[in-house]
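Raw contents of model.pdb, PDB, C-alpha atoms:
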MODEL        1
ATOM      1  CA  MET A   1     -13.430  30.033 -23.983
ATOM      2  CA  GLU A   2     -16.849  28.860 -25.026
ATOM      3  CA  LYS A   3     -18.967  25.689 -24.792
ATOM      4  CA  ILE A   4     -17.684  23.265 -27.390
ATOM      5  CA  ARG A   5     -18.300  19.581 -28.103
ATOM      6  CA  VAL A   6     -15.635  17.618 -26.168
ATOM      7  CA  TRP A   7     -16.960  14.169 -25.213
ATOM      8  CA  ASP A   8     -18.266  11.971 -28.012
ATOM      9  CA  ALA A   9     -21.411   9.846 -27.636
ATOM     10  CA  PRO A  10     -19.772   6.424 -27.035
ATOM     11  CA  THR A  11     -17.535   7.898 -24.305
ATOM     12  CA  ARG A  12     -20.567   9.386 -22.541
ATOM     13  CA  LEU A  13     -22.751   6.294 -22.934
ATOM     14  CA  GLY A  14     -19.897   4.058 -21.761
ATOM     15  CA  HIS A  15     -19.282   6.278 -18.728
ATOM     16  CA  TRP A  16     -22.895   6.165 -17.539
ATOM     17  CA  LEU A  17     -23.227   2.439 -18.271
ATOM     18  CA  LEU A  18     -20.208   1.894 -16.008
ATOM     19  CA  VAL A  19     -21.743   4.107 -13.305
ATOM     20  CA  GLY A  20     -25.032   2.203 -13.364
ATOM     21  CA  ALA A  21     -23.445  -1.236 -13.531
ATOM     22  CA  PHE A  22     -20.929  -0.427 -10.770
ATOM     23  CA  ALA A  23     -23.763   0.696  -8.473
ATOM     24  CA  ALA A  24     -25.822  -2.389  -9.344
ATOM     25  CA  ALA A  25     -22.838  -4.671  -8.686
ATOM     26  CA  TRP A  26     -22.266  -3.126  -5.241
ATOM     27  CA  LEU A  27     -25.942  -3.264  -4.287
ATOM     28  CA  THR A  28     -26.100  -6.971  -5.186
ATOM     29  CA  SER A  29     -22.629  -7.901  -3.927
ATOM     30  CA  GLU A  30     -23.816  -9.691  -0.772
ATOM     31  CA  SER A  31     -26.835 -11.407  -2.297
ATOM     32  CA  GLU A  32     -27.362 -14.847  -3.791
ATOM     33  CA  THR A  33     -30.931 -14.004  -4.877
ATOM     34  CA  TRP A  34     -29.581 -11.208  -7.102
ATOM     35  CA  LYS A  35     -26.491 -13.088  -8.231
ATOM     36  CA  ASP A  36     -27.555 -13.141 -11.888
ATOM     37  CA  VAL A  37     -27.908  -9.335 -11.817
ATOM     38  CA  HIS A  38     -24.477  -9.046 -10.164
ATOM     39  CA  VAL A  39     -22.886 -11.227 -12.846
ATOM     40  CA  ALA A  40     -24.684  -9.323 -15.634
ATOM     41  CA  ALA A  41     -23.430  -6.007 -14.196
ATOM     42  CA  GLY A  42     -19.872  -7.354 -14.186
ATOM     43  CA  ALA A  43     -20.148  -8.649 -17.748
ATOM     44  CA  LEU A  44     -21.540  -5.276 -18.841
ATOM     45  CA  MET A  45     -18.616  -3.421 -17.256
ATOM     46  CA  PHE A  46     -16.105  -5.815 -18.808
ATOM     47  CA  ALA A  47     -17.654  -5.295 -22.265
ATOM     48  CA  VAL A  48     -17.755  -1.498 -21.917
ATOM     49  CA  VAL A  49     -14.104  -1.405 -20.833
ATOM     50  CA  LEU A  50     -13.035  -3.620 -23.757
ATOM     51  CA  PHE A  51     -14.798  -1.194 -26.079
ATOM     52  CA  ARG A  52     -13.173   1.742 -24.286
ATOM     53  CA  LEU A  53      -9.702   0.236 -24.814
ATOM     54  CA  LEU A  54     -10.363   0.165 -28.569
ATOM     55  CA  TRP A  55     -11.950   3.631 -28.453
ATOM     56  CA  GLY A  56      -8.820   4.944 -26.743
ATOM     57  CA  PHE A  57      -7.038   4.417 -30.066
ATOM     58  CA  ILE A  58      -9.708   5.058 -32.685
ATOM     59  CA  GLY A  59     -12.049   7.483 -30.861
ATOM     60  CA  THR A  60     -12.273  11.259 -31.101
ATOM     61  CA  LEU A  61      -9.490  13.556 -29.876
ATOM     62  CA  HIS A  62     -10.274  13.773 -26.135
ATOM     63  CA  ALA A  63     -11.210  10.088 -25.876
ATOM     64  CA  ARG A  64      -7.800   8.948 -27.151
ATOM     65  CA  PHE A  65      -5.350   7.680 -24.539
ATOM     66  CA  ALA A  66      -2.562   9.665 -26.213
ATOM     67  CA  SER A  67      -4.449  12.887 -25.420
ATOM     68  CA  PHE A  68      -4.444  12.198 -21.685
ATOM     69  CA  ALA A  69      -1.200  10.303 -21.094
ATOM     70  CA  PHE A  70       0.257  12.616 -18.454
ATOM     71  CA  THR A  71       3.348  12.223 -16.290
ATOM     72  CA  PRO A  72       2.901  11.775 -12.528
ATOM     73  CA  ALA A  73       4.521  15.201 -12.127
ATOM     74  CA  ALA A  74       1.751  16.740 -14.243
ATOM     75  CA  ALA A  75      -0.879  15.081 -12.041
ATOM     76  CA  LEU A  76       0.780  16.434  -8.886
ATOM     77  CA  ARG A  77       1.063  19.890 -10.450
ATOM     78  CA  TYR A  78      -2.647  19.825 -11.270
ATOM     79  CA  VAL A  79      -3.610  18.754  -7.720
ATOM     80  CA  GLY A  80      -1.337  21.526  -6.444
ATOM     81  CA  SER A  81      -3.137  24.049  -8.656
ATOM     82  CA  LEU A  82      -6.475  22.875  -7.189
ATOM     83  CA  LEU A  83      -5.132  23.295  -3.653
ATOM     84  CA  ARG A  84      -4.004  26.832  -4.507
ATOM     85  CA  ARG A  85      -7.508  27.428  -5.887
ATOM     86  CA  GLN A  86      -6.014  28.392  -9.230
ATOM     87  CA  PRO A  87      -6.845  25.291 -11.246
ATOM     88  CA  GLU A  88      -5.037  24.721 -14.524
ATOM     89  CA  HIS A  89      -7.593  24.391 -17.303
ATOM     90  CA  PHE A  90      -7.733  21.262 -19.464
ATOM     91  CA  THR A  91     -10.389  20.972 -22.118
ATOM     92  CA  GLY A  92     -10.278  17.162 -22.094
ATOM     93  CA  HIS A  93      -9.253  15.010 -19.127
ATOM     94  CA  ASN A  94      -7.084  16.710 -16.525
ATOM     95  CA  PRO A  95      -3.872  14.898 -15.466
ATOM     96  CA  ALA A  96      -5.213  13.732 -12.078
ATOM     97  CA  GLY A  97      -8.500  12.544 -13.541
ATOM     98  CA  SER A  98      -6.671  10.644 -16.254
ATOM     99  CA  TYR A  99      -4.911   8.534 -13.609
ATOM    100  CA  ALA A 100      -8.294   7.696 -12.085
ATOM    101  CA  ILE A 101      -9.474   6.612 -15.541
ATOM    102  CA  PHE A 102      -6.514   4.320 -16.225
ATOM    103  CA  LEU A 103      -6.770   2.784 -12.742
ATOM    104  CA  LEU A 104     -10.529   2.253 -13.048
ATOM    105  CA  LEU A 105     -10.156   0.654 -16.482
ATOM    106  CA  GLY A 106      -7.461  -1.726 -15.228
ATOM    107  CA  LEU A 107      -9.281  -2.566 -11.998
ATOM    108  CA  THR A 108     -12.496  -3.265 -13.910
ATOM    109  CA  LEU A 109     -10.675  -5.934 -15.912
ATOM    110  CA  VAL A 110      -9.119  -7.440 -12.757
ATOM    111  CA  THR A 111     -12.441  -7.377 -10.882
ATOM    112  CA  ALA A 112     -14.373  -8.906 -13.765
ATOM    113  CA  VAL A 113     -11.885 -11.708 -14.461
ATOM    114  CA  SER A 114     -11.433 -12.622 -10.774
ATOM    115  CA  GLY A 115     -15.214 -12.433 -10.290
ATOM    116  CA  TRP A 116     -15.728 -14.794 -13.196
ATOM    117  CA  ALA A 117     -13.134 -17.167 -11.675
ATOM    118  CA  ALA A 118     -14.809 -17.051  -8.248
ATOM    119  CA  TYR A 119     -18.224 -17.573  -9.881
ATOM    120  CA  ASN A 120     -16.919 -20.765 -11.488
ATOM    121  CA  GLU A 121     -15.044 -21.820  -8.348
ATOM    122  CA  PHE A 122     -11.628 -21.519 -10.003
ATOM    123  CA  GLY A 123      -8.691 -20.572  -7.842
ATOM    124  CA  GLY A 124     -10.403 -21.252  -4.508
ATOM    125  CA  HIS A 125     -10.133 -18.533  -1.865
ATOM    126  CA  LEU A 126      -7.695 -16.549  -3.945
ATOM    127  CA  SER A 127     -10.088 -15.497  -6.706
ATOM    128  CA  GLU A 128     -12.685 -14.489  -4.101
ATOM    129  CA  GLU A 129     -10.145 -12.397  -2.181
ATOM    130  CA  PHE A 130      -8.802 -10.839  -5.383
ATOM    131  CA  HIS A 131     -12.301  -9.969  -6.564
ATOM    132  CA  GLU A 132     -13.230  -8.269  -3.305
ATOM    133  CA  GLY A 133      -9.898  -6.461  -2.984
ATOM    134  CA  ALA A 134     -10.049  -5.081  -6.529
ATOM    135  CA  ALA A 135     -13.710  -4.036  -6.131
ATOM    136  CA  THR A 136     -12.923  -2.238  -2.876
ATOM    137  CA  ALA A 137      -9.971  -0.466  -4.501
ATOM    138  CA  MET A 138     -12.307   0.595  -7.320
ATOM    139  CA  LEU A 139     -14.809   1.989  -4.841
ATOM    140  CA  ALA A 140     -12.024   4.047  -3.219
ATOM    141  CA  ILE A 141     -10.918   5.437  -6.604
ATOM    142  CA  VAL A 142     -14.541   6.183  -7.563
ATOM    143  CA  ALA A 143     -14.813   8.202  -4.331
ATOM    144  CA  VAL A 144     -11.648  10.160  -5.202
ATOM    145  CA  HIS A 145     -12.887  10.614  -8.787
ATOM    146  CA  VAL A 146     -16.293  11.953  -7.658
ATOM    147  CA  GLY A 147     -14.590  14.171  -5.076
ATOM    148  CA  GLY A 148     -12.277  15.517  -7.784
ATOM    149  CA  VAL A 149     -15.227  16.192 -10.110
ATOM    150  CA  ILE A 150     -17.016  18.145  -7.361
ATOM    151  CA  VAL A 151     -13.957  20.147  -6.223
ATOM    152  CA  GLY A 152     -12.671  20.697  -9.766
ATOM    153  CA  GLY A 153     -16.148  21.661 -10.958
ATOM    154  CA  LEU A 154     -16.535  24.244  -8.188
ATOM    155  CA  LEU A 155     -13.106  25.764  -8.822
ATOM    156  CA  HIS A 156     -13.537  25.824 -12.601
ATOM    157  CA  ARG A 157     -17.154  27.012 -12.170
ATOM    158  CA  GLU A 158     -18.294  24.330 -14.562
ATOM    159  CA  ASN A 159     -20.689  21.395 -14.063
ATOM    160  CA  LEU A 160     -18.375  18.567 -15.110
ATOM    161  CA  ALA A 161     -20.935  15.799 -14.517
ATOM    162  CA  LEU A 162     -23.379  17.602 -16.812
ATOM    163  CA  ALA A 163     -20.598  17.897 -19.404
ATOM    164  CA  MET A 164     -20.250  14.098 -19.320
ATOM    165  CA  LEU A 165     -23.975  13.951 -20.105
ATOM    166  CA  THR A 166     -24.214  16.578 -22.858
ATOM    167  CA  GLY A 167     -20.660  16.285 -24.155
ATOM    168  CA  ARG A 168     -20.321  20.077 -24.123
ATOM    169  CA  LYS A 169     -17.582  21.675 -22.076
ATOM    170  CA  LEU A 170     -15.614  24.919 -21.908
ATOM    171  CA  GLY A 171     -12.700  25.090 -24.332
ATOM    172  CA  GLU A 172     -11.214  26.851 -27.317
ATOM    173  CA  ARG A 173     -12.979  26.328 -30.618
ATOM    174  CA  PRO A 174     -10.074  24.480 -32.361
ATOM    175  CA  GLU A 175     -10.190  21.816 -29.598
ATOM    176  CA  ALA A 176     -13.786  20.873 -30.440
ATOM    177  CA  ILE A 177     -14.458  17.438 -31.884
ATOM    178  CA  GLY A 178     -16.370  17.267 -35.145
ATOM    179  CA  SER A 179     -18.944  14.512 -34.881
ATOM    180  CA  ALA A 180     -20.193  12.956 -31.623
ATOM    181  CA  ARG A 181     -20.103   9.572 -33.453
ATOM    182  CA  PRO A 182     -23.656   8.475 -32.509
ATOM    183  CA  GLY A 183     -23.380   5.379 -34.704
ATOM    184  CA  TRP A 184     -20.540   4.090 -32.525
ATOM    185  CA  ALA A 185     -22.687   4.676 -29.432
ATOM    186  CA  ILE A 186     -25.413   2.478 -30.949
ATOM    187  CA  LEU A 187     -22.773  -0.163 -31.647
ATOM    188  CA  LEU A 188     -21.580   0.077 -28.014
ATOM    189  CA  ALA A 189     -25.182  -0.284 -26.785
ATOM    190  CA  ALA A 190     -25.634  -3.429 -28.893
ATOM    191  CA  TRP A 191     -22.280  -4.826 -27.686
ATOM    192  CA  ALA A 192     -23.264  -4.126 -24.051
ATOM    193  CA  CYS A 193     -26.668  -5.801 -24.530
ATOM    194  CA  GLY A 194     -24.886  -8.803 -26.015
ATOM    195  CA  ALA A 195     -22.627  -9.027 -22.953
ATOM    196  CA  VAL A 196     -25.609  -8.934 -20.579
ATOM    197  CA  TRP A 197     -27.335 -11.650 -22.597
ATOM    198  CA  LEU A 198     -24.179 -13.799 -22.679
ATOM    199  CA  SER A 199     -23.652 -13.370 -18.917
ATOM    200  CA  ALA A 200     -26.373 -15.977 -18.345
ATOM    201  CA  TYR A 201     -23.987 -18.533 -19.895
ATOM    202  CA  LEU A 202     -20.860 -17.636 -17.910
TER     203      LEU A 202
ATOM    204  CA  MET B   1       7.974  -3.084  23.545
ATOM    205  CA  LYS B   2       8.522  -2.702  19.803
ATOM    206  CA  LYS B   3      10.426  -5.992  19.824
ATOM    207  CA  ILE B   4       7.255  -7.752  20.931
ATOM    208  CA  VAL B   5       4.652  -5.738  19.039
ATOM    209  CA  VAL B   6       6.143  -6.035  15.553
ATOM    210  CA  PRO B   7       6.561  -9.842  15.541
ATOM    211  CA  SER B   8       3.086 -10.299  17.041
ATOM    212  CA  LEU B   9       1.594  -8.071  14.336
ATOM    213  CA  LEU B  10       3.359 -10.139  11.691
ATOM    214  CA  LEU B  11       2.062 -13.276  13.352
ATOM    215  CA  ALA B  12      -1.484 -11.870  13.389
ATOM    216  CA  LEU B  13      -1.212 -11.121   9.672
ATOM    217  CA  ALA B  14       0.006 -14.631   8.986
ATOM    218  CA  LEU B  15      -2.704 -16.302  11.081
ATOM    219  CA  PRO B  16      -5.597 -16.334   8.597
ATOM    220  CA  ALA B  17      -3.422 -18.370   6.238
ATOM    221  CA  ALA B  18      -2.886 -21.037   8.866
ATOM    222  CA  ALA B  19      -5.191 -23.965   8.161
ATOM    223  CA  GLU B  20      -7.907 -24.670  10.676
ATOM    224  CA  THR B  21      -9.919 -27.828  10.954
ATOM    225  CA  PRO B  22     -13.700 -28.301  11.150
ATOM    226  CA  GLN B  23     -13.133 -29.823  14.612
ATOM    227  CA  GLN B  24     -11.410 -26.652  15.845
ATOM    228  CA  MET B  25     -14.164 -24.489  14.395
ATOM    229  CA  LEU B  26     -16.870 -26.646  15.971
ATOM    230  CA  ALA B  27     -15.145 -26.393  19.361
ATOM    231  CA  GLY B  28     -14.916 -22.618  18.933
ATOM    232  CA  TYR B  29     -18.633 -22.175  18.151
ATOM    233  CA  ALA B  30     -19.660 -24.576  20.935
ATOM    234  CA  ALA B  31     -17.552 -22.640  23.445
ATOM    235  CA  GLU B  32     -19.074 -19.374  22.212
ATOM    236  CA  ALA B  33     -22.568 -20.852  22.600
ATOM    237  CA  GLY B  34     -22.053 -21.165  26.329
ATOM    238  CA  HIS B  35     -20.780 -23.447  29.047
ATOM    239  CA  GLY B  36     -22.018 -27.007  28.706
ATOM    240  CA  PHE B  37     -23.513 -26.530  25.222
ATOM    241  CA  ALA B  38     -23.570 -29.850  23.351
ATOM    242  CA  PRO B  39     -23.825 -29.504  19.543
ATOM    243  CA  SER B  40     -26.586 -31.673  18.105
ATOM    244  CA  PRO B  41     -26.526 -33.059  14.543
ATOM    245  CA  GLU B  42     -30.311 -33.464  14.651
ATOM    246  CA  ARG B  43     -30.905 -29.799  15.563
ATOM    247  CA  GLY B  44     -28.379 -28.936  12.843
ATOM    248  CA  ARG B  45     -30.346 -30.988  10.297
ATOM    249  CA  GLN B  46     -33.603 -29.258  11.283
ATOM    250  CA  PHE B  47     -31.928 -25.863  10.916
ATOM    251  CA  PHE B  48     -30.545 -26.889   7.523
ATOM    252  CA  ILE B  49     -33.886 -27.955   6.023
ATOM    253  CA  GLU B  50     -36.171 -25.462   7.786
ATOM    254  CA  LYS B  51     -38.117 -23.367   5.280
ATOM    255  CA  ARG B  52     -38.204 -19.653   6.084
ATOM    256  CA  SER B  53     -39.737 -16.616   4.457
ATOM    257  CA  ALA B  54     -36.754 -14.218   4.363
ATOM    258  CA  ALA B  55     -35.745 -15.046   0.770
ATOM    259  CA  GLU B  56     -38.602 -16.126  -1.462
ATOM    260  CA  LYS B  57     -36.511 -18.081  -3.965
ATOM    261  CA  MET B  58     -34.203 -19.703  -1.399
ATOM    262  CA  PRO B  59     -36.282 -20.616   1.664
ATOM    263  CA  SER B  60     -33.748 -23.019   3.240
ATOM    264  CA  CYS B  61     -30.046 -23.897   3.222
ATOM    265  CA  ALA B  62     -31.066 -27.138   1.493
ATOM    266  CA  THR B  63     -32.592 -25.183  -1.427
ATOM    267  CA  CYS B  64     -29.103 -24.814  -2.930
ATOM    268  CA  HIS B  65     -26.982 -27.214  -0.855
ATOM    269  CA  THR B  66     -29.642 -29.973  -1.309
ATOM    270  CA  GLU B  67     -30.957 -32.260   1.421
ATOM    271  CA  ASP B  68     -27.658 -34.155   1.239
ATOM    272  CA  PRO B  69     -24.886 -31.637   1.961
ATOM    273  CA  ALA B  70     -22.211 -34.285   1.289
ATOM    274  CA  ALA B  71     -23.258 -34.163  -2.379
ATOM    275  CA  VAL B  72     -22.662 -31.386  -4.923
ATOM    276  CA  GLY B  73     -25.279 -28.641  -4.662
ATOM    277  CA  LYS B  74     -26.937 -26.470  -7.290
ATOM    278  CA  HIS B  75     -27.481 -22.700  -7.095
ATOM    279  CA  VAL B  76     -31.217 -22.136  -7.476
ATOM    280  CA  ILE B  77     -30.769 -18.824  -9.343
ATOM    281  CA  THR B  78     -27.708 -19.386 -11.522
ATOM    282  CA  GLY B  79     -27.865 -23.172 -11.884
ATOM    283  CA  LYS B  80     -24.129 -23.344 -11.047
ATOM    284  CA  SER B  81     -22.948 -26.425  -9.209
ATOM    285  CA  ILE B  82     -21.790 -25.827  -5.637
ATOM    286  CA  GLU B  83     -19.009 -27.846  -4.042
ATOM    287  CA  ALA B  84     -20.372 -30.148  -1.288
ATOM    288  CA  LEU B  85     -20.908 -28.096   1.880
ATOM    289  CA  ALA B  86     -20.011 -30.946   4.239
ATOM    290  CA  PRO B  87     -16.249 -31.159   4.949
ATOM    291  CA  VAL B  88     -15.784 -34.421   3.064
ATOM    292  CA  ALA B  89     -12.265 -35.799   2.536
ATOM    293  CA  GLY B  90     -10.094 -33.492   0.433
ATOM    294  CA  SER B  91     -12.521 -30.570   0.778
ATOM    295  CA  ALA B  92     -11.403 -27.066   1.802
ATOM    296  CA  ARG B  93     -14.705 -26.467   3.619
ATOM    297  CA  PHE B  94     -14.373 -25.132   7.172
ATOM    298  CA  THR B  95     -10.586 -24.776   7.033
ATOM    299  CA  ASP B  96     -10.537 -20.953   7.030
ATOM    300  CA  ALA B  97     -12.376 -19.316   9.922
ATOM    301  CA  ALA B  98     -12.590 -15.900   8.255
ATOM    302  CA  LYS B  99     -14.137 -17.350   5.134
ATOM    303  CA  THR B 100     -16.572 -19.481   7.129
ATOM    304  CA  GLU B 101     -17.656 -16.447   9.144
ATOM    305  CA  LYS B 102     -18.072 -14.343   6.011
ATOM    306  CA  TRP B 103     -20.365 -16.884   4.365
ATOM    307  CA  PHE B 104     -22.342 -17.539   7.554
ATOM    308  CA  ARG B 105     -22.912 -13.778   7.803
ATOM    309  CA  ARG B 106     -23.973 -13.374   4.150
ATOM    310  CA  ASN B 107     -26.131 -16.452   3.824
ATOM    311  CA  CYS B 108     -27.744 -16.266   7.284
ATOM    312  CA  LYS B 109     -28.781 -12.651   6.675
ATOM    313  CA  GLU B 110     -30.298 -13.582   3.351
ATOM    314  CA  VAL B 111     -31.929 -16.950   4.074
ATOM    315  CA  VAL B 112     -32.616 -16.796   7.831
ATOM    316  CA  GLY B 113     -33.176 -13.042   7.787
ATOM    317  CA  ARG B 114     -30.676 -12.384  10.591
ATOM    318  CA  GLU B 115     -27.189 -13.445  11.648
ATOM    319  CA  CYS B 116     -26.924 -16.990  12.997
ATOM    320  CA  THR B 117     -26.116 -17.641  16.660
ATOM    321  CA  PRO B 118     -22.990 -19.560  17.718
ATOM    322  CA  ALA B 119     -25.296 -22.400  18.882
ATOM    323  CA  GLU B 120     -26.902 -22.636  15.423
ATOM    324  CA  LYS B 121     -23.487 -22.620  13.759
ATOM    325  CA  ALA B 122     -22.229 -25.345  16.108
ATOM    326  CA  ASP B 123     -25.300 -27.526  15.497
ATOM    327  CA  LEU B 124     -25.073 -27.060  11.733
ATOM    328  CA  LEU B 125     -21.362 -27.850  11.642
ATOM    329  CA  ARG B 126     -21.951 -30.944  13.824
ATOM    330  CA  PHE B 127     -24.599 -32.090  11.292
ATOM    331  CA  LEU B 128     -22.314 -31.412   8.304
ATOM    332  CA  MET B 129     -19.411 -33.255   9.932
ATOM    333  CA  THR B 130     -21.687 -36.227  10.647
ATOM    334  CA  LYS B 131     -22.680 -36.223   6.953
ATOM    335  CA  ALA B 132     -18.986 -36.176   6.026
ATOM    336  CA  GLY B 133     -18.340 -39.124   8.308
ATOM    337  CA  ILE B 134     -16.307 -37.158  10.855
TER     338      ILE B 134
ENDMDL
END

Please express what this file holds, its structure, as structure tokens.
Amino acid sequence: MEKIRVWDAPTRLGHWLLVGAFAAAWLTSESETWKDVHVAAGALMFAVVLFRLLWGFIGTLHARFASFAFTPAAALRYVGSLLRRQPEHFTGHNPAGSYAIFLLLGLTLVTAVSGWAAYNEFGGHLSEEFHEGAATAMLAIVAVHVGGVIVGGLLHRENLALAMLTGRKLGERPEAIGSARPGWAILLAAWACGAVWLSAYL
Amino acid sequence: MKKIVVPSLLLALALPAAAETPQQMLAGYAAEAGHGFAPSPERGRQFFIEKRSAAEKMPSCATCHTEDPAAVGKHVITGKSIEALAPVAGSARFTDAAKTEKWFRRNCKEVVGRECTPAEKADLLRFLMTKAGI
């Protein structure tokens, strides 16, 4: 195995935009003074996830949903291999991580929509409760995801967080993606900026 | 034992859904404030309009809820309208103790700079109920 290009630019940019916006949303979650920032962070996450849903079909190999649609049994087998300290190698997403991704994508949509409803006082208590419940569930999955990245990274002897920054990861040469699609990353950045700007009118 | 514990747990889970009234909540805060405490709408009004320095952009409750809490308020940051704070007829204000506590905790910390005391909550609620004609 050698270092090959695995994660394309829009996948990496989207990932770190979600990280930043999720942190910002939590830090401002109890504040009225920072409410506009909280709403902008939510709108940003919603926009990034919408883009990611499209990218899951038209993106590069390892960004496509079809490349990481694993069975629950595969996820359990992977966790088992971690526990035995003999981790199965996956060049793209591993089966356990892929479940975290699908859950985080879905919960982002639920959190954003219920947050928007609560912000506009639709649905009374229910939208508020839904928003908080979904956000708390997301935080729990983020914790598992980060824990998995640390444990998996140690066992595979590979800095997985750095790989999400540089796009380069251990794999076999035929699994490498061709272009990192930087133009699509610029498009995502513009789309995300648009969402932040529009959030003032939600 | 189990025969008692399980139904009581179920009951406890069901409790937050049970509607409370502003009157019940006022009585609860007044009792918490101490024996013989009499909630005062005037002290509540003072508390409501008092300008503090904890949050620069929202010095008082009235900044967003306006000087007339029976009317629709306006969020000073987002410009969103805020349902009247006073428990006017047909309003869901002060009918869910958990929600009331949550928002007292959040907004007191931000605007007052600390959590509010039961006496302050009782006075404020007495003032809001007076405004709502209760």

Can you list every residue of chain A that has an atom at most 8 Å from chain B, with its nearest atom pair and the distance in Å to one decimal, using all atoms listed in the file, ordered by chain then number, as JSON lines?
{"residue": "A:Glu30", "atom": "CA", "partner": "B:Arg106", "partner_atom": "CA", "distance": 6.1}
{"residue": "A:Ser31", "atom": "CA", "partner": "B:Glu110", "partner_atom": "CA", "distance": 7.0}
{"residue": "A:Glu32", "atom": "CA", "partner": "B:Ile77", "partner_atom": "CA", "distance": 7.6}
{"residue": "A:Thr33", "atom": "CA", "partner": "B:Ile77", "partner_atom": "CA", "distance": 6.6}
{"residue": "A:Lys35", "atom": "CA", "partner": "B:Thr78", "partner_atom": "CA", "distance": 7.2}
{"residue": "A:Asp36", "atom": "CA", "partner": "B:Thr78", "partner_atom": "CA", "distance": 6.3}
{"residue": "A:Asn120", "atom": "CA", "partner": "B:Lys80", "partner_atom": "CA", "distance": 7.7}
{"residue": "A:Ala200", "atom": "CA", "partner": "B:Thr78", "partner_atom": "CA", "distance": 7.7}

Any idea what's packed within 8 Å of Ala122 in chain B, counting all atoms listed in the file, ignoring anything in its chain fewer than 3 positions away? Could you give it as a ChimeraX atom specification?
/B:26-27,29-30,33,39-40,44,118-119,125-126

Of the candidates B:Ala31, B:Gly133, B:Leu128, B:Glu120, which one gets nearest to His65 in chain B if we count all atoms listed in the file?
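Answer, going by the shortest atom-to-atom distance: B:Leu128.
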
Spatial neighbours of range 72-80 of chain A, 12 Å, only C-alpha atoms, chain gap at least 5 places, as a ChimeraX atom specification
/A:85-90,93-100,148,151-152,155

May I have the residues within 12 Å of Val113 in chain A as a PyMOL selection string, using only C-alpha atoms and disregarding those fewer than 3 positions away in the same chain?
chain A and resi 39+42-43+45-47+106-110+116-120+122-123+127-128+130-132+134-135+202

Quote the spacing between CA of Ala40 in chain A and CA of Gly20 in chain A in Å to one decimal place.
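Interatomic distance, CA of Ala40 in chain A to CA of Gly20 in chain A: 11.8 Å.
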
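For the pair CA of Val144 in chain A and CA of Phe65 in chain A, the interatomic distance is 20.5 Å.
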
Atomic separation - CA of Thr111 in chain A relative to CA of Glu129 in chain A, Å:
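Interatomic distance here is 10.3 Å.
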
Expand the PyMOL selection byres ((chain A and resi 165-181) around 9) into the individual residues it matches in the shown file, reporting them as a PyMOL selection string.
chain A and resi 1-13+16+59-62+89-92+158-164+182-185

Residue selection dump (C-alpha atoms) as a short mmCIF file (atom, residue, chain, number, x, y, z; two decimals), in the frame of the given file:
data_model
loop_
_atom_site.label_atom_id
_atom_site.label_comp_id
_atom_site.auth_asym_id
_atom_site.auth_seq_id
_atom_site.Cartn_x
_atom_site.Cartn_y
_atom_site.Cartn_z
CA MET A 1 -13.43 30.03 -23.98
CA GLU A 2 -16.85 28.86 -25.03
CA LYS A 3 -18.97 25.69 -24.79
CA ILE A 4 -17.68 23.26 -27.39
CA ARG A 5 -18.30 19.58 -28.10
CA VAL A 6 -15.64 17.62 -26.17
CA TRP A 7 -16.96 14.17 -25.21
CA ASP A 8 -18.27 11.97 -28.01
CA ALA A 9 -21.41 9.85 -27.64
CA PRO A 10 -19.77 6.42 -27.04
CA THR A 11 -17.54 7.90 -24.30
CA ARG A 12 -20.57 9.39 -22.54
CA LEU A 13 -22.75 6.29 -22.93
CA TRP A 16 -22.90 6.16 -17.54
CA GLY A 59 -12.05 7.48 -30.86
CA THR A 60 -12.27 11.26 -31.10
CA LEU A 61 -9.49 13.56 -29.88
CA HIS A 62 -10.27 13.77 -26.14
CA HIS A 89 -7.59 24.39 -17.30
CA PHE A 90 -7.73 21.26 -19.46
CA THR A 91 -10.39 20.97 -22.12
CA GLY A 92 -10.28 17.16 -22.09
CA GLU A 158 -18.29 24.33 -14.56
CA ASN A 159 -20.69 21.40 -14.06
CA LEU A 160 -18.38 18.57 -15.11
CA ALA A 161 -20.94 15.80 -14.52
CA LEU A 162 -23.38 17.60 -16.81
CA ALA A 163 -20.60 17.90 -19.40
CA MET A 164 -20.25 14.10 -19.32
CA PRO A 182 -23.66 8.48 -32.51
CA GLY A 183 -23.38 5.38 -34.70
CA TRP A 184 -20.54 4.09 -32.52
CA ALA A 185 -22.69 4.68 -29.43
#

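Nearest residue to Ala98 in chain B, choosing from A:Arg157, A:His145, A:His38, A:His125 and counting all atoms listed in the file: A:His125.
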
Coordinate excerpt as a compact mmCIF listing (two decimals), in the first residue's frame: range 23-40 of chain B, C-alpha atoms:
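Final output, selection.txt:
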# COMPACT_ATOMS: atom_id res chain seq x y z
CA GLN B 23 -51.45 29.85 39.17
CA GLN B 24 -49.91 26.50 40.13
CA MET B 25 -46.48 27.66 39.00
CA LEU B 26 -46.79 30.92 40.92
CA ALA B 27 -47.77 29.01 44.07
CA GLY B 28 -44.78 26.70 43.56
CA TYR B 29 -42.25 29.56 43.23
CA ALA B 30 -43.79 31.46 46.16
CA ALA B 31 -43.55 28.37 48.36
CA GLU B 32 -39.94 27.87 47.28
CA ALA B 33 -39.18 31.51 48.11
CA GLY B 34 -39.95 30.87 51.75
CA HIS B 35 -42.70 30.84 54.33
CA GLY B 36 -44.89 33.93 54.20
CA PHE B 37 -43.45 35.25 50.91
CA ALA B 38 -46.03 37.40 49.11
CA PRO B 39 -45.38 37.82 45.36
CA SER B 40 -45.50 41.46 44.30
